[in-house]
$ cat final.txt   # compact mmCIF, C-alpha atoms and all ligand atoms
# COMPACT_ATOMS: atom_id res chain seq x y z
CA MET L 1 -38.21 110.32 172.91
CA SER L 2 -40.59 111.53 170.22
CA SER L 3 -40.81 109.67 166.96
CA THR L 4 -39.80 112.76 165.04
CA SER L 5 -36.50 113.65 166.59
CA LEU L 6 -33.27 112.06 167.59
CA ALA L 7 -31.97 112.15 171.12
CA LYS L 8 -28.41 113.37 171.23
CA GLU L 9 -25.87 110.94 172.56
CA LYS L 10 -22.65 111.94 174.20
CA ASN L 11 -20.52 111.10 171.19
CA GLY L 12 -22.69 113.27 168.97
CA ASP L 13 -23.99 110.21 167.14
CA PRO L 14 -27.75 110.52 167.31
CA LYS L 15 -29.72 107.57 168.57
CA VAL L 16 -32.36 106.09 166.29
CA ASP L 17 -35.72 105.01 167.61
CA ASP L 18 -36.67 101.35 167.31
CA GLU L 19 -37.94 99.92 164.05
CA LYS L 20 -41.55 100.89 164.74
CA THR L 21 -40.59 104.53 164.35
CA LEU L 22 -39.92 103.96 160.69
CA ASN L 23 -43.44 102.85 159.97
CA VAL L 24 -45.37 105.70 161.52
CA GLY L 25 -46.22 108.93 159.74
CA VAL L 26 -43.61 111.52 160.53
CA LYS L 27 -44.97 114.88 161.55
CA ARG L 28 -42.62 117.72 160.81
CA HIS L 29 -42.37 121.42 161.51
CA GLY L 30 -45.12 123.19 159.62
CA ASP L 31 -47.37 120.12 159.32
CA GLN L 32 -50.99 120.95 160.06
CA ASP L 33 -53.11 119.27 162.72
CA ASP L 34 -56.06 117.24 161.36
CA ASP L 35 -58.61 119.67 162.81
CA SER L 36 -57.06 122.83 161.40
CA VAL L 37 -59.53 124.92 159.40
CA GLU L 38 -57.27 126.96 157.16
CA PRO L 39 -55.28 124.89 154.65
CA PRO L 40 -51.63 125.85 154.81
CA LYS L 41 -50.36 128.28 152.15
CA LYS L 42 -48.43 126.11 149.72
CA ALA L 43 -44.80 127.08 149.57
CA LYS L 44 -42.86 126.17 146.47
CA GLU L 45 -42.20 122.44 146.66
CA HIS L 46 -38.68 121.63 147.60
CA SER L 47 -38.31 119.17 144.71
CA SER L 48 -39.10 121.88 142.15
CA ILE L 49 -36.48 124.17 143.74
CA VAL L 50 -33.92 121.37 143.34
CA ALA L 51 -34.98 120.59 139.75
CA GLU L 52 -34.86 124.28 138.82
CA HIS L 53 -31.43 124.69 140.37
CA TYR L 54 -29.91 121.75 138.50
CA ASN L 55 -31.73 122.61 135.24
CA HIS L 56 -30.12 126.05 135.26
CA LEU L 57 -26.64 124.85 136.08
CA GLU L 58 -24.42 125.73 133.14
CA GLU L 59 -22.20 123.15 131.52
CA LYS L 60 -18.61 124.15 132.06
CA GLY L 61 -15.99 123.99 129.32
CA LEU L 62 -12.67 122.21 129.87
CA SER L 63 -10.64 125.40 130.42
CA GLU L 64 -13.19 126.73 132.91
CA ARG L 65 -13.08 123.44 134.79
CA PHE L 66 -9.30 123.54 134.87
CA ASN L 67 -9.34 127.03 136.40
CA SER L 68 -12.00 126.15 138.96
CA PRO L 69 -11.10 126.62 142.65
CA ILE L 70 -12.48 123.12 143.22
CA TYR L 71 -10.58 121.45 140.36
CA TYR L 72 -8.89 118.81 142.55
CA LEU L 73 -11.95 118.27 144.74
CA ARG L 74 -14.06 117.48 141.66
CA ASN L 75 -11.42 115.11 140.40
CA PHE L 76 -11.21 113.42 143.79
CA ASN L 77 -15.02 112.99 143.86
CA ASN L 78 -14.78 111.46 140.39
CA TRP L 79 -12.09 109.10 141.64
CA VAL L 80 -14.37 107.91 144.48
CA LYS L 81 -17.21 107.29 142.01
CA SER L 82 -14.89 105.51 139.54
CA VAL L 83 -13.60 103.23 142.29
CA LEU L 84 -17.12 102.35 143.46
CA ILE L 85 -18.22 101.60 139.90
CA GLN L 86 -15.16 99.45 139.19
CA GLU L 87 -15.25 97.59 142.52
CA TYR L 88 -18.89 96.59 142.37
CA THR L 89 -19.13 95.80 138.65
CA GLU L 90 -16.04 93.60 139.15
CA LYS L 91 -17.69 91.82 142.08
CA ILE L 92 -20.63 90.95 139.82
CA ARG L 93 -18.27 89.71 137.10
CA GLU L 94 -16.27 87.62 139.59
CA LYS L 95 -19.42 85.56 140.15
CA ASP L 96 -20.48 85.36 136.53
CA TYR L 97 -17.98 86.46 133.91
CA GLY L 98 -19.52 87.49 130.60
CA ARG L 99 -22.91 88.22 132.10
CA THR L 100 -24.89 91.11 130.64
CA LEU L 101 -24.58 94.02 133.06
CA ARG L 102 -27.57 96.31 133.51
CA VAL L 103 -27.39 99.47 135.58
CA LEU L 104 -29.71 102.06 137.10
CA ASP L 105 -27.96 105.45 137.53
CA ILE L 106 -30.50 107.25 139.74
CA CYS L 107 -30.10 111.04 140.28
CA CYS L 108 -27.74 110.86 137.30
CA GLY L 109 -27.56 114.63 136.65
CA LYS L 110 -26.00 115.48 133.27
CA GLY L 111 -24.45 112.03 133.08
CA GLY L 112 -21.15 112.79 134.81
CA ASP L 113 -20.56 109.03 135.08
CA LEU L 114 -21.19 108.08 131.42
CA SER L 115 -17.55 107.41 130.62
CA LYS L 116 -17.12 105.50 133.90
CA TRP L 117 -19.90 103.10 132.82
CA GLN L 118 -18.20 102.75 129.44
CA LYS L 119 -14.89 101.86 131.11
CA ALA L 120 -16.70 99.33 133.30
CA ARG L 121 -17.97 97.70 130.04
CA VAL L 122 -21.59 97.58 131.14
CA ASP L 123 -24.29 96.72 128.61
CA HIS L 124 -27.27 98.88 129.44
CA VAL L 125 -27.83 101.93 131.67
CA VAL L 126 -31.10 103.56 132.71
CA PHE L 127 -30.44 107.20 133.62
CA ALA L 128 -33.03 108.94 135.81
CA ASP L 129 -33.15 112.43 137.30
CA ILE L 130 -35.72 115.00 138.37
CA ALA L 131 -34.10 117.79 136.31
CA GLU L 132 -35.26 117.26 132.74
CA VAL L 133 -32.72 119.63 131.17
CA SER L 134 -29.97 117.59 132.84
CA VAL L 135 -31.52 114.37 131.51
CA GLN L 136 -31.54 115.84 127.98
CA GLN L 137 -27.88 116.85 128.36
CA CYS L 138 -27.13 113.33 129.55
CA GLN L 139 -28.78 111.91 126.42
CA THR L 140 -26.82 114.31 124.18
CA ARG L 141 -23.60 113.27 125.90
CA HIS L 142 -24.45 109.61 125.32
CA ASN L 143 -25.02 110.35 121.61
CA ASP L 144 -21.68 112.20 121.47
CA LEU L 145 -19.93 109.30 123.13
CA ARG L 146 -21.44 106.90 120.59
CA ALA L 147 -20.27 109.12 117.73
CA ARG L 148 -16.77 109.19 119.23
CA SER L 149 -16.71 105.41 119.76
CA ARG L 150 -17.13 105.04 115.95
CA GLY L 151 -18.89 101.71 115.96
CA GLY L 152 -16.89 100.62 119.03
CA ARG L 153 -18.61 99.07 122.01
CA LEU L 154 -20.92 101.42 123.92
CA PHE L 155 -23.74 100.51 126.27
CA SER L 156 -27.35 101.13 125.22
CA ALA L 157 -29.26 103.61 127.38
CA GLU L 158 -32.65 104.99 128.28
CA PHE L 159 -33.39 108.34 129.88
CA ILE L 160 -36.11 109.18 132.37
CA ALA L 161 -37.02 112.60 133.80
CA ALA L 162 -38.89 111.90 137.03
CA ASP L 163 -39.00 112.74 140.70
CA CYS L 164 -37.55 109.46 141.94
CA SER L 165 -38.76 110.21 145.48
CA LYS L 166 -42.38 110.42 144.34
CA GLU L 167 -42.85 108.47 141.11
CA THR L 168 -42.59 104.77 140.26
CA LEU L 169 -39.64 104.27 137.95
CA ARG L 170 -40.67 100.74 137.00
CA ASP L 171 -43.69 102.11 135.09
CA LYS L 172 -41.31 104.17 132.95
CA TYR L 173 -38.76 101.53 131.92
CA ARG L 174 -38.91 100.36 128.30
CA ASP L 175 -39.13 96.86 129.72
CA PRO L 176 -40.81 96.91 133.15
CA SER L 177 -39.50 93.39 133.81
CA ILE L 178 -35.87 94.61 133.59
CA SER L 179 -33.56 93.63 136.45
CA PHE L 180 -30.40 95.50 137.39
CA ASP L 181 -27.01 94.20 138.53
CA VAL L 182 -26.05 97.50 140.11
CA VAL L 183 -27.80 100.70 141.16
CA SER L 184 -25.72 103.82 141.65
CA CYS L 185 -26.90 106.99 143.37
CA GLN L 186 -24.12 109.59 143.47
CA PHE L 187 -24.53 112.73 145.56
CA GLY L 188 -28.33 112.54 145.25
CA LEU L 189 -29.97 110.28 147.84
CA HIS L 190 -30.09 112.97 150.54
CA TYR L 191 -32.67 115.00 148.61
CA SER L 192 -35.26 112.29 149.30
CA PHE L 193 -34.77 112.50 153.08
CA GLU L 194 -37.23 115.36 153.17
CA SER L 195 -39.87 112.90 154.43
CA LEU L 196 -40.32 109.21 155.23
CA PRO L 197 -42.65 108.55 152.23
CA GLN L 198 -40.10 110.13 149.88
CA ALA L 199 -37.19 108.11 151.30
CA LYS L 200 -39.31 104.95 151.01
CA ARG L 201 -40.28 105.67 147.41
CA MET L 202 -36.64 106.33 146.54
CA LEU L 203 -35.60 103.03 148.17
CA THR L 204 -38.41 101.16 146.42
CA ASN L 205 -37.16 102.49 143.08
CA ILE L 206 -33.61 101.51 144.01
CA SER L 207 -34.40 98.05 145.29
CA GLU L 208 -37.36 96.67 143.41
CA CYS L 209 -35.58 95.77 140.17
CA LEU L 210 -32.17 95.02 141.71
CA LYS L 211 -31.21 91.34 141.40
CA PRO L 212 -30.46 89.34 144.57
CA GLY L 213 -26.69 89.54 145.01
CA GLY L 214 -26.64 92.85 143.10
CA TYR L 215 -25.20 96.05 144.61
CA PHE L 216 -26.56 99.50 145.44
CA PHE L 217 -23.80 102.03 146.09
CA GLY L 218 -23.42 105.78 146.32
CA THR L 219 -22.17 108.91 148.03
CA ILE L 220 -23.92 111.33 150.41
CA PRO L 221 -23.01 114.14 152.81
CA ASP L 222 -22.22 112.68 156.25
CA ALA L 223 -24.90 113.97 158.67
CA ASN L 224 -22.75 113.41 161.77
CA GLU L 225 -19.91 115.44 160.31
CA ILE L 226 -22.23 118.27 159.29
CA VAL L 227 -23.95 118.37 162.69
CA SER L 228 -20.66 118.26 164.59
CA ARG L 229 -19.24 121.16 162.51
CA GLY L 230 -22.54 123.05 162.92
CA LYS L 231 -22.43 122.69 166.71
CA LYS L 232 -19.14 124.54 166.82
CA SER L 233 -20.66 127.66 165.31
CA PRO L 234 -23.11 129.90 167.24
CA ASP L 235 -25.59 130.19 164.34
CA GLY L 236 -25.15 126.72 162.82
CA SER L 237 -23.39 128.16 159.81
CA PHE L 238 -19.87 127.22 158.74
CA GLY L 239 -17.63 126.92 155.71
CA ASN L 240 -14.64 128.41 153.93
CA ARG L 241 -13.88 130.28 150.69
CA ILE L 242 -15.41 127.49 148.54
CA TYR L 243 -18.33 126.12 150.55
CA ASN L 244 -20.88 127.17 153.09
CA ILE L 245 -23.45 125.17 155.04
CA LYS L 246 -26.20 126.67 157.17
CA LEU L 247 -28.28 124.36 159.33
CA LEU L 248 -31.94 125.40 159.21
CA PHE L 249 -32.95 123.84 162.55
CA ASP L 250 -31.84 124.24 166.14
CA VAL L 251 -28.92 121.87 166.34
CA GLU L 252 -28.90 121.97 170.15
CA LYS L 253 -32.29 120.19 170.15
CA GLY L 254 -31.03 117.26 168.06
CA TYR L 255 -32.07 116.88 164.47
CA PRO L 256 -35.21 115.54 162.82
CA LEU L 257 -35.14 112.03 161.33
CA PHE L 258 -36.51 113.47 158.10
CA GLY L 259 -36.57 117.05 156.89
CA GLY L 260 -33.32 118.01 158.69
CA LYS L 261 -32.78 120.83 156.26
CA TYR L 262 -29.63 122.83 155.54
CA ASP L 263 -28.56 125.26 152.84
CA PHE L 264 -25.52 124.09 150.95
CA HIS L 265 -23.43 126.31 148.73
CA LEU L 266 -20.45 124.87 146.86
CA GLU L 267 -18.58 127.17 144.49
CA GLY L 268 -20.18 126.98 141.03
CA VAL L 269 -21.76 123.55 141.56
CA VAL L 270 -24.43 123.37 144.25
CA ASP L 271 -26.56 126.08 145.79
CA CYS L 272 -29.76 124.67 147.19
CA PRO L 273 -31.32 123.20 150.32
CA GLU L 274 -30.58 119.57 151.20
CA PHE L 275 -31.56 117.11 153.96
CA LEU L 276 -29.50 115.20 156.49
CA VAL L 277 -29.39 111.43 156.11
CA ASN L 278 -29.21 109.75 159.47
CA PHE L 279 -27.09 106.78 158.51
CA LYS L 280 -28.36 104.37 161.18
CA LEU L 281 -31.90 105.05 160.12
CA PHE L 282 -31.01 104.75 156.44
CA THR L 283 -29.38 101.35 157.09
CA LYS L 284 -32.46 100.11 158.98
CA LEU L 285 -34.84 101.39 156.37
CA ALA L 286 -32.76 99.90 153.54
CA LEU L 287 -32.95 96.48 155.22
CA ASP L 288 -36.76 96.65 154.96
CA PHE L 289 -36.17 96.84 151.22
CA GLY L 290 -33.82 93.85 151.23
CA LEU L 291 -30.62 95.89 151.14
CA GLU L 292 -27.85 94.78 153.50
CA LEU L 293 -25.06 97.23 154.31
CA VAL L 294 -21.67 95.87 153.20
CA TYR L 295 -19.48 98.98 153.25
CA LYS L 296 -19.44 102.51 154.53
CA ALA L 297 -16.63 104.98 154.94
CA ARG L 298 -16.09 108.70 155.13
CA PHE L 299 -14.10 109.95 152.15
CA ALA L 300 -10.89 110.24 154.18
CA ASP L 301 -11.17 106.54 155.11
CA PHE L 302 -12.33 105.60 151.63
CA PHE L 303 -9.10 107.10 150.38
CA LYS L 304 -7.07 105.03 152.88
CA ASP L 305 -8.97 101.86 151.94
CA HIS L 306 -8.54 102.25 148.17
CA SER L 307 -5.56 104.50 147.39
CA GLU L 308 -3.09 101.63 147.05
CA ARG L 309 -5.14 99.56 144.63
CA TYR L 310 -6.36 102.54 142.60
CA ARG L 311 -3.17 104.63 142.67
CA HIS L 312 -2.91 104.70 138.86
CA LEU L 313 -6.44 106.16 138.70
CA LEU L 314 -5.57 108.83 141.29
CA GLN L 315 -2.77 109.93 138.99
CA ARG L 316 -4.74 109.67 135.75
CA ILE L 317 -7.68 111.68 137.12
CA VAL L 318 -5.20 114.17 138.69
CA CYS L 319 -6.72 114.18 142.16
CA PHE L 320 -3.82 115.94 143.84
CA GLU L 321 -1.65 118.90 143.10
CA SER L 322 2.12 118.81 143.38
CA TYR L 323 3.80 120.51 146.30
CA PRO L 324 6.06 122.42 145.92
CA PRO L 325 4.64 123.47 142.54
CA PRO L 326 6.87 122.46 139.62
CA PRO L 327 8.74 125.31 137.86
CA GLY L 328 6.32 127.50 135.87
CA LYS L 329 3.25 126.26 137.77
CA GLU L 330 1.29 127.95 140.56
CA LEU L 331 -0.67 126.43 143.44
CA ILE L 332 -4.41 126.92 142.96
CA ALA L 333 -4.81 128.32 146.49
CA ASP L 334 -2.83 130.54 148.82
CA GLU L 335 0.46 129.08 150.14
CA SER L 336 -1.05 129.14 153.67
CA GLU L 337 -3.42 126.31 152.62
CA TYR L 338 -0.50 123.92 152.13
CA GLU L 339 1.12 124.00 155.61
CA HIS L 340 0.47 120.23 155.98
CA ALA L 341 2.21 119.47 152.67
CA LYS L 342 5.05 121.84 153.43
CA GLN L 343 5.78 120.15 156.76
CA PHE L 344 5.57 116.70 155.22
CA TRP L 345 7.91 117.69 152.41
CA GLU L 346 10.40 119.35 154.73
CA ASN L 347 10.57 116.26 156.95
CA LYS L 348 11.03 113.92 154.00
CA ASP L 349 14.39 112.12 154.04
CA ASN L 350 16.74 111.95 151.08
CA LYS L 351 14.63 114.18 148.89
CA THR L 352 15.91 115.58 145.62
CA GLU L 353 15.16 118.91 143.89
CA ARG L 354 12.55 117.17 141.76
CA ASP L 355 10.70 115.44 144.58
CA ARG L 356 7.07 116.47 145.09
CA VAL L 357 4.19 115.46 147.33
CA GLY L 358 0.64 115.07 146.07
CA THR L 359 -1.82 117.17 148.08
CA MET L 360 -4.99 119.24 148.14
CA SER L 361 -5.63 122.73 149.55
CA THR L 362 -7.10 122.65 153.07
CA CYS L 363 -10.32 124.29 151.82
CA GLU L 364 -10.93 121.58 149.22
CA TRP L 365 -10.10 118.77 151.68
CA GLU L 366 -12.52 120.30 154.21
CA VAL L 367 -15.30 119.83 151.65
CA ALA L 368 -14.18 116.34 150.58
CA THR L 369 -14.38 115.18 154.19
CA VAL L 370 -18.04 116.21 154.47
CA TYR L 371 -18.91 113.19 152.31
CA MET L 372 -19.14 109.45 152.76
CA ALA L 373 -19.52 106.43 150.48
CA PHE L 374 -21.64 103.33 151.05
CA ALA L 375 -22.59 100.01 149.44
CA PHE L 376 -25.46 97.59 150.05
CA ARG L 377 -26.05 94.06 148.73
CA LYS L 378 -29.52 92.91 147.73
CA LEU L 379 -30.70 89.93 149.76
CA LYS L 380 -32.47 86.87 148.40
CA SER L 381 -36.17 86.78 149.08
CA THR L 382 -39.12 84.42 149.23
CA TRP L 383 -42.74 85.56 149.02
CA ASP L 384 -45.37 85.60 151.77
CA SER L 385 -49.04 84.68 151.27
CA ASN L 386 -49.82 88.32 150.33
CA GLY L 387 -47.21 88.30 147.58
CA LYS L 388 -44.82 90.52 149.56
CA PRO L 389 -41.08 89.75 149.54
CA VAL L 390 -39.60 88.25 152.71
CA TYR L 391 -35.86 88.80 152.81
CA GLU L 392 -33.33 86.30 154.12
CA LYS L 393 -31.72 87.52 157.35
CA PRO L 394 -28.27 89.03 156.66
CA LYS L 395 -25.19 87.16 157.83
CA GLU L 396 -23.76 88.53 161.09
CA GLU L 397 -20.61 90.02 159.55
CA SER L 398 -19.41 89.79 156.00
CA GLN L 399 -15.67 89.23 155.70
CA SER L 400 -13.36 91.74 154.05
CA THR L 401 -15.83 94.60 154.32
CA ASN L 402 -15.79 97.66 156.49
CA LYS L 403 -19.14 98.45 158.04
CA ASN L 404 -17.81 100.63 160.83
C1 LIG L 501 -25.11 116.78 142.99
S1 LIG L 501 -26.04 116.23 141.64
C2 LIG L 501 -25.24 114.70 141.23
C3 LIG L 501 -25.39 114.29 139.80
C4 LIG L 501 -24.66 113.00 139.39
N1 LIG L 501 -25.10 111.85 140.15
C5 LIG L 501 -23.16 113.18 139.54
O1 LIG L 501 -22.56 112.56 140.44
O2 LIG L 501 -22.57 113.91 138.75
C6 LIG L 501 -27.54 115.68 142.39
C7 LIG L 501 -28.60 115.27 141.38
O3 LIG L 501 -29.73 114.73 142.08
C8 LIG L 501 -30.88 115.08 141.36
N2 LIG L 501 -32.08 114.93 142.22
C9 LIG L 501 -32.37 115.59 143.36
N3 LIG L 501 -33.57 115.19 143.84
C10 LIG L 501 -34.03 114.24 142.99
C11 LIG L 501 -35.22 113.45 142.95
N4 LIG L 501 -36.16 113.58 143.87
N5 LIG L 501 -35.37 112.57 141.95
C12 LIG L 501 -34.41 112.44 140.98
N6 LIG L 501 -33.28 113.18 140.96
C13 LIG L 501 -33.08 114.06 141.96
C14 LIG L 501 -30.61 116.52 140.95
O4 LIG L 501 -31.44 116.96 139.91
C15 LIG L 501 -29.14 116.44 140.56
O5 LIG L 501 -28.99 116.16 139.18

$ encode --input "final.txt" --output "structure tokens" --more "lines below"
Ligand SMILES: C[S@@+](CC[C@H](N)C(=O)[O-])C[C@H]1O[C@@H](n2cnc3c(N)ncnc32)[C@H](O)[C@@H]1O
Amino acid sequence: MSSTSLAKEKNGDPKVDDEKTLNVGVKRHGDQDDDSVEPPKKAKEHSSIVAEHYNHLEEKGLSERFNSPIYYLRNFNNWVKSVLIQEYTEKIREKDYGRTLRVLDICCGKGGDLSKWQKARVDHVVFADIAEVSVQQCQTRHNDLRARSRGGRLFSAEFIAADCSKETLRDKYRDPSISFDVVSCQFGLHYSFESLPQAKRMLTNISECLKPGGYFFGTIPDANEIVSRGKKSPDGSFGNRIYNIKLLFDVEKGYPLFGGKYDFHLEGVVDCPEFLVNFKLFTKLALDFGLELVYKARFADFFKDHSERYRHLLQRIVCFESYPPPPGKELIADESEYEHAKQFWENKDNKTERDRVGTMSTCEWEVATVYMAFAFRKLKSTWDSNGKPVYEKPKEESQSTNKN
């Protein structure tokens, strides 16, 4: 098997080469041979396409958000992020209550998680993103939040506009000796899987200031799910009325470890090329940076794992719509997208006129189930004679976590 591609296995789960593969230069489509005479014409760098896209994304008002065809999907995504933030900040506090909590929110966007950090009562957050307009909006939102807190407790913050897959974040911190308790990367890590050096730089930024015992968590599109949906369509393109994905490589030949590019369009939110994250490879690579996988789950399983404990939050964030719709209210999608809820409701015993089930349109759920959540714990390290960290071997299985 070549070092650049993944052999397909019967179950559709691609097989990752041994560890050595990770340390060799990865040659991708379009790369030039060393002896080529003509330098390649430079296409617009992918990172500037991404930055431009997010810089131009308009901020939506409350009423516009409420009327959005992805209203419940957005809320559900926010629920997943809130749960991750609460779970892992609590785990830190369980060990050391009252400790000052410092956070790196990498690929922070406009600061969609500002109020989640406030609720988690953290002390300091470094926000970093490639899109400088988004970083400015994040800073403005932080100022607004401070004004609204009227002298109440709000974390201090710093804001960095940088390509986190190419630049060293540590050089840009106010205090380069800062150490973080948690690092969060929500819906952003996959952009760095364009190449091995970019993924490594991103992981260096994530890991190098994270304390041993600290957590790195986030959300990404699930490559296996995307590839398996893509295989069912003749041209590798699939979707519904709110999203569309087009694979930009021949899926029948497997997919590249890095640079597995696809176009992703999600109604009013995302419209740019992204890269597949092979999760086995990501886990192996992360271990080189002292990050041990402690949890991973597709969003459907994440929901099963956490819906009981965080039920109140599901209701407060309004992740589901009521079926049948209460008098005077309409469903946000066509009735045909609620067959599952209709059947469930009709089979419900002893129901009253006022009984409802919480649900989501099939189109929104189809998008939600493209994603997965993960968490890693930073291992303790010693130093070798060259001053490089040597990480303690992870324990075989950690209890009460789902790595499958
Ligand atoms: C889908 S948005 C998510 C924003 C935010 N984390 C949230 O959950 O609301 C993805 C973000 O990743 C950022 N991003 C993409 N590539 C990046 C890179 N190389 N370095 C830093 N940020 C990057 C984009 O600018 C965008 O703001």

$ residues_around --input "final.txt" --residues "segment 129-144 of chain L" --least-positions-apart "3" --cutoff "6 Å" --atoms "all atoms listed in the file" --output "PyMOL selection string"
chain L and resi 51+55+107-111+147+161-163

$ axis_aligned_box --input "final.txt" --around "ligand LIG 501 (chain L)" --padding-each-side "4 Å" --output "JSON"
{"center_x": -29.4, "center_y": 114.4, "center_z": 141.3, "size_x": 21.6, "size_y": 13.1, "size_z": 13.1}

$ residues_around --input "final.txt" --residues "Cys272 of chain L" --least-positions-apart "2" --cutoff "10 Å" --atoms "only C-alpha atoms" --output "list in words"
His46, Ile49, Val50, Ala51, Glu52, His53, Tyr54, Tyr262, Asp263, Phe264, His265, Leu266, Val269, Val270 and Glu274 of chain L

$ closest_residue --input "final.txt" --among "L:Ser385, L:Ser361, L:Phe275, L:Asn350" --to "Arg241 of chain L" --atoms "all atoms listed in the file"
L:Ser361

$ atom_distance --input "final.txt" --atom1 "atom CA of Phe180 of chain L" --atom2 "atom CA of Val126 of chain L"
9.3 Å

$ build_atoms --input "final.txt" --residues "segment 224-236 of chain L" --atoms "N, CA and C atoms" --output "short mmCIF file (atom, residue, chain, number, x, y, z; two decimals), in the coordinates of the input"
data_model
loop_
_atom_site.label_atom_id
_atom_site.label_comp_id
_atom_site.auth_asym_id
_atom_site.auth_seq_id
_atom_site.Cartn_x
_atom_site.Cartn_y
_atom_site.Cartn_z
N ASN L 224 -23.45 113.22 160.50
CA ASN L 224 -22.75 113.41 161.77
C ASN L 224 -21.67 114.48 161.66
N GLU L 225 -20.98 114.47 160.53
CA GLU L 225 -19.91 115.44 160.31
C GLU L 225 -20.51 116.84 160.21
N ILE L 226 -21.60 116.96 159.47
CA ILE L 226 -22.23 118.27 159.29
C ILE L 226 -22.73 118.81 160.63
N VAL L 227 -23.40 117.93 161.40
CA VAL L 227 -23.95 118.37 162.69
C VAL L 227 -22.81 118.74 163.64
N SER L 228 -21.74 117.95 163.63
CA SER L 228 -20.66 118.26 164.59
C SER L 228 -19.96 119.57 164.20
N ARG L 229 -19.82 119.86 162.91
CA ARG L 229 -19.24 121.16 162.51
C ARG L 229 -20.21 122.29 162.86
N GLY L 230 -21.52 122.02 162.66
CA GLY L 230 -22.54 123.05 162.92
C GLY L 230 -22.60 123.43 164.39
N LYS L 231 -22.36 122.43 165.26
CA LYS L 231 -22.43 122.69 166.71
C LYS L 231 -21.34 123.64 167.19
N LYS L 232 -20.26 123.68 166.40
CA LYS L 232 -19.14 124.54 166.82
C LYS L 232 -19.37 126.00 166.47
N SER L 233 -20.43 126.26 165.69
CA SER L 233 -20.66 127.66 165.31
C SER L 233 -21.94 128.16 165.99
N PRO L 234 -21.96 129.42 166.46
CA PRO L 234 -23.11 129.90 167.24
C PRO L 234 -24.41 129.92 166.44
N ASP L 235 -24.33 130.14 165.11
CA ASP L 235 -25.59 130.19 164.34
C ASP L 235 -25.77 129.00 163.40
N GLY L 236 -25.00 127.92 163.64
CA GLY L 236 -25.15 126.72 162.82
C GLY L 236 -24.70 126.91 161.38
#
